[in-house]
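> I have a structure I would like to understand better, so I am pasting it below and will then ask my questions one at a time.
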Amino acid sequence: MGSSGTLCFFAEKEIRRLMRIFYCAMFLICFGTATVLGDETKIEFFHALTDKPLEFKYRKDQQLTEAVEGFYVSGKNPYSGDAAALADGLKVYKKLCQACHLKDGKGRIGPNLTDDKWLRQRTNTDIGRFEIIYGGGAGAMQPFGRRIDQDDILKVMAYIDTFRTKQ
Amino acid sequence: MNIGKLLGGICALALSAGTVFAADAPKTVEEVANPGGALPGNPQIALVKVADGFKDPINVTNAGDGSGRIFVVERVGRIKIVNKDGSVNADPFLDLTAINPLGNDVQTGFVEQGLYSVAFHPDFKTNGYFFVHYASLPFNGDGMIVRFTVDPASPDVMTAERTNETAKVLMRIEQPWYNHNGGQIEFGPDGMLYIGSGDGGWEGDPYEAGQDLSTLLAKMLRIDVNVEDDSIPYKIPKDNPFADASSERLMVLFGITEEQFSKIKTRSRPEIWSYGLRNPYEFAFDQKTGDLFIADVGQNHWEEIVFEKAGDGGQNYGWPRMEASFCHPMTGDPAGKPCSVVGTLPAAQYPHTQPFPGAPDDNTGGCSVQGFGVANYGGMEGVYLAGDWCSGRVFGLGHDGTKWQLQEMMQTGLQFTAGGYDEDGMVLAVNASNFYLADQGPDSNPPGTLWRVVPANEVPQGAEIAEAVKK
């Protein structure tokens with residue numbers, strides 16, 4: 001079960017090459033499998049830009065909190081809606097994200113985070129947003145895993161979720 | 001068919017069979033290239049890592065002295081040498097952070113400020129002259145163009161003493177605001193020094209500098225650094241478009257045509273080569289043809305790349321009347337809104353996420369164009385490569401014999417800042433990880449990398465290449 005995410009990923013790649021038309025359908029199938037991965041099995045993360053397995057290579061000496069360990073398995077952000085975490089997340093957002101995504105999340109240099117349109121394959125999910133914030137996306141969306149701990153990434157993720165619930 | 005027609009036909013055939021064509025700036029808005037174009041032969045490229053670990057690298061060049069060295073400009077005020085084998089010298093070639101006992105001589109307080117670029121004199125090998133452009137801290141961010149002279153006994157390191165002793169200030173460009181400082185300086189194929197000068201900053205060109213010939217801001221400048229008497233900073237090349245426009249003269253009113261009157265500009269600066277630019281932070285000459293490409297960073301909605309035929313100065317590129325091929329300011333959907341073009345149109349343009357206020361998101365462009373150089377290899381002929389600071393895209397701009405084509409070559413995770421050439425004429429690029437928050441500063445942001453653009457099928461074995469979005 002643990003490797004089904006990977007298997008599915010390669011299957012998807014194969015299909016993509018052969019028949020681009022089935023690409024979307026396959027993506028949904030693969031993606032569905034990835035999120036319901038076995039209870040104790042860690043989710044496999046991929047790089048938002050290249051779809052290669054995400055390497056956890058930044059800030060190796062950080063303390064992996066319970067929230068992070070839990071997220072590795074559930075793929076759900078435990079800080080979602082948590083008032084204290086949202087306050088911390090806002091601080092991170094102001095310091096590191098606001099310059100490009102703007103105060104209200106509507107975006108300028110970085111894309112709009114307040115709507116349900118997403119640029120990358122998985123960024124419509126917690127997993128995908130974690131992937132792009134930790135490992136980076138295109139251009140200016142650099143790997144923030146280099147600058148902040150993963151626990152703070154979950155907190156800022158919880159904060160940017162509020163842009164969409166506020167709508 | 002008469003013989004004349006026949007000959008004409010043969011000539012036309014011969015012309016079209018060869019690759020000789022007269023590329024020129026577009027005459028109409030429709031001719032301006034947008035993303036989605038196709039370069040002749042659909043060339044494929046890869047970015048091969050040359051060296052990394054640079055602190056906010058924001059420019060790169062070579063010395064043209066046969067040493068094979070590549071010079072990477074670090075924003076904080078240092079220049080690092082990359083040797084032919086890819087090793088990076090620990091000691092910087094130039095270190096402007098150490099020449100002033102009161103601290104760094106370079107202003108880096110805003111991310112657009114710093115040591116912008118270095119240019120080596122065409123006769124560097126014999127005279128040791130090289131030139132830098134940087135934001136001066138003592139002069140509150142003014143742009144300094146300074147010449148230094150290398151000590152032949154120490155070709156890889158300028159000591160602080162040597163740097164101070166040989167400094168000759170050519171020009172100080174006053175900078176009213178901390179952004180849009182231009183940056184690139186480069187010797188043209190004509191041996192003249194070209195200087196990319198931004199509009200001075202804020203937004204919307206509050207000085208109207210673009211259309212004001214009395215300021216050096218918002219221009220491409222061109223000066224002759226070869227002076228017999230070193231107490232003179234530089235000379236005005238005789239063929240600069242406004243070389244004599246402001247010289248004193250007796251007034252003659254009658255018997256003069258309007259065209260002749262129009263050449264009298266009593267306040268114009270003779271250093272001006274072309275004008276109406278917003279922030280020509282990067283430009284490059286095609287090493288084969290001498291043609292000039294300028295990556296002119298745009299404002300809220302469009303980025304533009306200007307093409308200037310070799311020697312074709314005196315152009316007005318429109319800013320701030322125009323933003324790319326659109327009238328500035330942009331107030332809404334430009335479609336159907338009459339707008340007369342001011343000046344010369346860019347060869348290409350690409351949109352920001354919002355191509356006009358209220359527009360649906362567009363994800364084909366970027367936010368800030370950073371030119372690399374012109375590739376004449378790998379199936380590319382006269383293709384100007386430029387990266388985007390936001391979207392990590394690399395665009396190729398070329399002429400297909402009929403019109404300009406802007407093709408997306410790849411999309412990477414790199415925040416491109418600039419480019420240049422190595423001694424073999426290969427195009428180089430650098431990327432940094434700095435952005436508009438002063439949280440870490442030019443000495444402590446995550447490091448940046450130097451890349452070489454190679455044809456995709458010529459990537460050396462074992463080379464590390466930049467990751468790109470799969471197509």
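Ordering of the structure tokens sets the chain letters (A, B, ...); residue numbers start at 1 within each chain; ligands are numbered from 1 in the order shown.
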Could you tell me which residues of chain B sit within 9 Å of chain A when counting only C-alpha atoms, and give me the result as an MDAnalysis selection string?

chainID B and resid 300 352:354 361 363 366:367 388:393 411:416 433:437 439 446 467:470

> Those selected residues, please, written with N, CA, C and O atoms and delivered as a CSV table (one decimal), in the first residue's frame.


chain,number,residue,atom,x,y,z
B,300,ASN,N,2.7,47.3,-13.9
B,300,ASN,CA,1.8,46.3,-13.3
B,300,ASN,C,1.3,45.2,-14.3
B,300,ASN,O,0.9,44.2,-13.8
B,352,HIS,N,1.6,40.0,-17.2
B,352,HIS,CA,1.6,39.6,-15.8
B,352,HIS,C,0.4,38.8,-15.6
B,352,HIS,O,-0.4,38.6,-16.6
B,353,THR,N,0.2,38.3,-14.4
B,353,THR,CA,-1.0,37.5,-14.1
B,353,THR,C,-2.3,38.3,-14.5
B,353,THR,O,-3.3,37.7,-15.0
B,354,GLN,N,-2.2,39.6,-14.3
B,354,GLN,CA,-3.3,40.4,-14.7
B,354,GLN,C,-2.9,41.3,-15.8
B,354,GLN,O,-2.3,42.4,-15.6
B,361,ASP,N,-7.2,35.9,-14.8
B,361,ASP,CA,-5.8,35.5,-14.6
B,361,ASP,C,-5.2,34.9,-15.9
B,361,ASP,O,-5.9,34.2,-16.6
B,363,ASN,N,-1.8,33.0,-17.2
B,363,ASN,CA,-0.6,32.3,-16.7
B,363,ASN,C,0.4,32.0,-17.8
B,363,ASN,O,0.9,30.8,-17.9
B,366,GLY,N,4.8,36.4,-16.8
B,366,GLY,CA,5.6,36.5,-15.6
B,366,GLY,C,5.4,37.9,-14.9
B,366,GLY,O,4.3,38.4,-15.0
B,367,CYS,N,6.5,38.5,-14.4
B,367,CYS,CA,6.3,39.8,-13.7
B,367,CYS,C,7.5,40.7,-13.9
B,367,CYS,O,7.4,41.9,-13.7
B,388,ASP,N,12.3,35.1,-16.5
B,388,ASP,CA,11.4,35.9,-15.7
B,388,ASP,C,11.6,35.6,-14.3
B,388,ASP,O,11.8,34.5,-13.8
B,389,TRP,N,11.6,36.7,-13.5
B,389,TRP,CA,11.9,36.7,-12.1
B,389,TRP,C,10.9,36.0,-11.3
B,389,TRP,O,11.1,35.4,-10.2
B,390,CYS,N,9.6,36.0,-11.7
B,390,CYS,CA,8.5,35.4,-11.0
B,390,CYS,C,8.1,34.1,-11.4
B,390,CYS,O,8.0,33.2,-10.6
B,391,SER,N,8.0,33.9,-12.7
B,391,SER,CA,7.4,32.6,-13.2
B,391,SER,C,8.5,31.6,-13.5
B,391,SER,O,8.1,30.5,-13.8
B,392,GLY,N,9.7,32.0,-13.5
B,392,GLY,CA,10.8,31.1,-13.7
B,392,GLY,C,10.9,30.6,-15.2
B,392,GLY,O,11.6,29.7,-15.5
B,393,ARG,N,10.1,31.3,-16.0
B,393,ARG,CA,10.1,30.9,-17.5
B,393,ARG,C,11.4,31.4,-18.1
B,393,ARG,O,11.9,32.5,-17.8
B,411,GLN,N,10.0,26.2,-18.2
B,411,GLN,CA,9.6,26.9,-17.0
B,411,GLN,C,10.3,26.2,-15.8
B,411,GLN,O,10.2,25.0,-15.7
B,412,THR,N,11.0,27.0,-15.1
B,412,THR,CA,11.9,26.4,-14.0
B,412,THR,C,11.5,26.9,-12.6
B,412,THR,O,10.6,27.8,-12.5
B,413,GLY,N,12.1,26.4,-11.6
B,413,GLY,CA,11.9,26.9,-10.3
B,413,GLY,C,12.9,28.0,-9.9
B,413,GLY,O,13.1,28.3,-8.7
B,414,LEU,N,13.5,28.6,-10.9
B,414,LEU,CA,14.5,29.6,-10.6
B,414,LEU,C,14.0,31.0,-10.7
B,414,LEU,O,13.2,31.4,-11.6
B,415,GLN,N,14.5,31.8,-9.8
B,415,GLN,CA,14.2,33.3,-9.8
B,415,GLN,C,15.4,33.9,-10.6
B,415,GLN,O,16.4,34.3,-10.0
B,416,PHE,N,15.2,34.1,-11.9
B,416,PHE,CA,16.3,34.6,-12.7
B,416,PHE,C,16.5,36.1,-12.4
B,416,PHE,O,15.6,36.9,-12.1
B,433,SER,N,17.8,34.2,-4.7
B,433,SER,CA,16.6,33.9,-3.9
B,433,SER,C,16.4,35.1,-3.0
B,433,SER,O,16.3,35.0,-1.8
B,434,ASN,N,16.3,36.2,-3.6
B,434,ASN,CA,16.0,37.4,-2.8
B,434,ASN,C,14.6,37.9,-3.2
B,434,ASN,O,14.1,37.7,-4.3
B,435,PHE,N,14.0,38.6,-2.4
B,435,PHE,CA,12.7,39.2,-2.8
B,435,PHE,C,12.4,40.5,-2.0
B,435,PHE,O,13.2,40.8,-1.1
B,436,TYR,N,11.3,41.1,-2.2
B,436,TYR,CA,11.0,42.4,-1.6
B,436,TYR,C,10.7,42.4,-0.1
B,436,TYR,O,9.8,43.0,0.3
B,437,LEU,N,11.5,41.7,0.6
B,437,LEU,CA,11.4,41.8,2.1
B,437,LEU,C,12.8,41.8,2.6
B,437,LEU,O,13.6,40.9,2.3
B,439,ASP,N,14.2,40.8,5.0
B,439,ASP,CA,14.3,39.9,6.2
B,439,ASP,C,15.7,39.4,6.4
B,439,ASP,O,16.1,39.1,7.5
B,446,PRO,N,19.3,32.7,0.8
B,446,PRO,CA,19.7,31.4,0.3
B,446,PRO,C,20.5,31.7,-1.0
B,446,PRO,O,20.2,32.6,-1.8
B,467,GLU,N,15.9,21.9,-13.1
B,467,GLU,CA,14.6,21.2,-13.2
B,467,GLU,C,13.6,22.1,-13.9
B,467,GLU,O,13.7,23.3,-13.7
B,468,ALA,N,12.8,21.5,-14.7
B,468,ALA,CA,11.8,22.3,-15.4
B,468,ALA,C,10.4,21.6,-15.4
B,468,ALA,O,10.4,20.4,-15.2
B,469,VAL,N,9.4,22.4,-15.6
B,469,VAL,CA,8.1,21.8,-15.7
B,469,VAL,C,8.0,20.8,-16.8
B,469,VAL,O,8.5,21.2,-17.9
B,470,LYS,N,7.5,19.6,-16.6
B,470,LYS,CA,7.4,18.7,-17.7
B,470,LYS,C,6.3,19.2,-18.7
B,470,LYS,O,5.3,19.7,-18.3

> Excluding A:Tyr79 and any residue of its chain fewer than 4 positions from it, enumerate the residues within 12 Å of it, using only C-alpha atoms, and give them as a list of chain:residue names.

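After dropping sequence-adjacent residues, the list is A:Thr65, A:Glu66, A:Ala67, A:Val68, A:Gly70, A:Phe71, A:Gly75, A:Ala83, A:Ala84, A:Ala85, A:Leu86, A:Ala87, A:Asp88, A:Gly89, A:Asp126, A:Asp151, A:Asp152, A:Ile153, A:Leu154, A:Lys155, A:Val156, A:Met157, A:Ala158, A:Tyr159, A:Ile160, A:Asp161, A:Thr162.
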
> Go through stretch 94-283 of chain B and collect every residue that DSSP, computed from the backbone, puts in strand (DSSP E); the answer should be as a ChimeraX atom specification.

/B:94-95,115-120,129-135,143-149,168-173,185-187,193-197,219-223,272-275,282-283

> Give me a file of those residues, with N, CA and C atoms, as a short mmCIF file (atom, residue, chain, number, x, y, z; two decimals), in the first residue's frame.


data_model
loop_
_atom_site.label_atom_id
_atom_site.label_comp_id
_atom_site.auth_asym_id
_atom_site.auth_seq_id
_atom_site.Cartn_x
_atom_site.Cartn_y
_atom_site.Cartn_z
N LEU B 94 36.75 41.56 -6.85
CA LEU B 94 36.56 42.93 -6.37
C LEU B 94 35.67 42.85 -5.14
N ASP B 95 35.98 43.66 -4.13
CA ASP B 95 35.16 43.64 -2.92
C ASP B 95 34.90 45.08 -2.47
N LEU B 115 25.48 46.15 -6.23
CA LEU B 115 26.44 46.19 -7.33
C LEU B 115 25.74 45.57 -8.53
N TYR B 116 25.48 46.37 -9.56
CA TYR B 116 24.64 45.89 -10.66
C TYR B 116 25.40 45.08 -11.69
N SER B 117 26.57 45.59 -12.11
CA SER B 117 27.23 44.90 -13.20
C SER B 117 28.68 45.34 -13.35
N VAL B 118 29.40 44.54 -14.12
CA VAL B 118 30.79 44.85 -14.43
C VAL B 118 30.98 44.68 -15.94
N ALA B 119 31.80 45.54 -16.52
CA ALA B 119 32.11 45.43 -17.95
C ALA B 119 33.61 45.60 -18.12
N PHE B 120 34.19 44.72 -18.88
CA PHE B 120 35.63 44.79 -19.11
C PHE B 120 35.92 45.54 -20.41
N TYR B 129 41.65 47.77 -17.61
CA TYR B 129 40.50 48.56 -17.19
C TYR B 129 39.22 47.72 -17.11
N PHE B 130 38.52 47.86 -16.00
CA PHE B 130 37.15 47.33 -15.96
C PHE B 130 36.27 48.35 -15.25
N PHE B 131 34.99 48.26 -15.52
CA PHE B 131 34.03 49.29 -15.10
C PHE B 131 32.90 48.63 -14.33
N VAL B 132 32.45 49.31 -13.29
CA VAL B 132 31.30 48.79 -12.55
C VAL B 132 30.23 49.87 -12.45
N HIS B 133 29.02 49.41 -12.21
CA HIS B 133 27.89 50.29 -11.93
C HIS B 133 27.30 49.80 -10.62
N TYR B 134 27.20 50.69 -9.64
CA TYR B 134 26.60 50.26 -8.36
C TYR B 134 25.89 51.40 -7.67
N ALA B 135 24.98 51.00 -6.76
CA ALA B 135 24.27 51.98 -5.93
C ALA B 135 25.20 52.34 -4.78
N GLY B 143 23.64 56.06 -8.64
CA GLY B 143 24.37 55.08 -9.44
C GLY B 143 25.76 55.58 -9.79
N MET B 144 26.78 54.85 -9.41
CA MET B 144 28.15 55.24 -9.72
C MET B 144 28.68 54.37 -10.85
N ILE B 145 29.25 55.01 -11.86
CA ILE B 145 29.95 54.28 -12.91
C ILE B 145 31.44 54.56 -12.65
N VAL B 146 32.17 53.51 -12.29
CA VAL B 146 33.56 53.69 -11.87
C VAL B 146 34.47 52.74 -12.64
N ARG B 147 35.64 53.27 -13.01
CA ARG B 147 36.65 52.44 -13.66
C ARG B 147 37.72 52.05 -12.64
N PHE B 148 38.16 50.81 -12.67
CA PHE B 148 39.30 50.37 -11.87
C PHE B 148 40.33 49.74 -12.79
N THR B 149 41.56 49.61 -12.28
CA THR B 149 42.62 49.02 -13.10
C THR B 149 43.25 47.84 -12.36
N LYS B 168 38.41 55.56 -10.81
CA LYS B 168 38.12 56.78 -11.56
C LYS B 168 36.61 56.83 -11.78
N VAL B 169 35.98 57.82 -11.16
CA VAL B 169 34.52 57.92 -11.29
C VAL B 169 34.19 58.62 -12.61
N LEU B 170 33.42 57.92 -13.43
CA LEU B 170 33.04 58.48 -14.72
C LEU B 170 31.73 59.25 -14.62
N MET B 171 30.83 58.71 -13.82
CA MET B 171 29.48 59.28 -13.84
C MET B 171 28.77 58.94 -12.55
N ARG B 172 27.94 59.89 -12.10
CA ARG B 172 27.05 59.60 -10.96
C ARG B 172 25.64 59.92 -11.43
N ILE B 173 24.80 58.92 -11.42
CA ILE B 173 23.41 59.12 -11.86
C ILE B 173 22.55 59.28 -10.61
N ILE B 185 25.84 47.55 -17.63
CA ILE B 185 26.73 48.34 -18.49
C ILE B 185 27.48 47.34 -19.36
N GLU B 186 27.74 47.74 -20.58
CA GLU B 186 28.30 46.77 -21.53
C GLU B 186 28.95 47.52 -22.68
N PHE B 187 30.10 47.03 -23.13
CA PHE B 187 30.70 47.62 -24.32
C PHE B 187 30.02 47.07 -25.55
N LEU B 193 30.77 52.45 -24.40
CA LEU B 193 30.15 51.89 -23.21
C LEU B 193 28.68 52.28 -23.17
N TYR B 194 27.81 51.27 -23.14
CA TYR B 194 26.36 51.48 -23.04
C TYR B 194 25.94 51.28 -21.60
N ILE B 195 25.05 52.15 -21.13
CA ILE B 195 24.61 52.12 -19.74
C ILE B 195 23.08 52.08 -19.70
N GLY B 196 22.53 51.04 -19.09
CA GLY B 196 21.08 50.96 -18.92
C GLY B 196 20.68 51.75 -17.69
N SER B 197 19.88 52.80 -17.88
CA SER B 197 19.52 53.68 -16.77
C SER B 197 18.00 53.67 -16.57
N LYS B 219 16.87 55.96 -19.75
CA LYS B 219 17.55 56.03 -21.04
C LYS B 219 18.49 54.84 -21.24
N MET B 220 18.90 54.68 -22.48
CA MET B 220 20.11 53.95 -22.78
C MET B 220 21.14 55.02 -23.05
N LEU B 221 22.24 54.98 -22.31
CA LEU B 221 23.30 55.98 -22.50
C LEU B 221 24.45 55.35 -23.26
N ARG B 222 25.23 56.19 -23.92
CA ARG B 222 26.37 55.68 -24.70
C ARG B 222 27.51 56.69 -24.57
N ILE B 223 28.62 56.22 -24.02
CA ILE B 223 29.77 57.12 -23.84
C ILE B 223 31.05 56.47 -24.36
N ILE B 272 22.69 60.58 -24.21
CA ILE B 272 21.53 59.74 -24.51
C ILE B 272 21.68 59.04 -25.85
N TRP B 273 21.44 57.74 -25.82
CA TRP B 273 21.45 56.94 -27.05
C TRP B 273 20.02 56.66 -27.49
N SER B 274 19.20 56.15 -26.57
CA SER B 274 17.77 56.02 -26.85
C SER B 274 17.02 56.28 -25.56
N TYR B 275 15.70 56.53 -25.65
CA TYR B 275 14.97 56.96 -24.46
C TYR B 275 13.59 56.32 -24.39
N GLU B 282 18.70 44.84 -17.85
CA GLU B 282 19.54 43.93 -18.62
C GLU B 282 19.40 44.21 -20.11
N PHE B 283 20.53 44.20 -20.81
CA PHE B 283 20.48 44.26 -22.27
C PHE B 283 21.66 43.49 -22.80
#

> To one decimal place in Å, what is the distance between atom CA of B:Asp312 and atom CA of B:Gly210?

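Spanning atom CA of B:Asp312 to atom CA of B:Gly210 is a straight-line distance of 18.2 Å.
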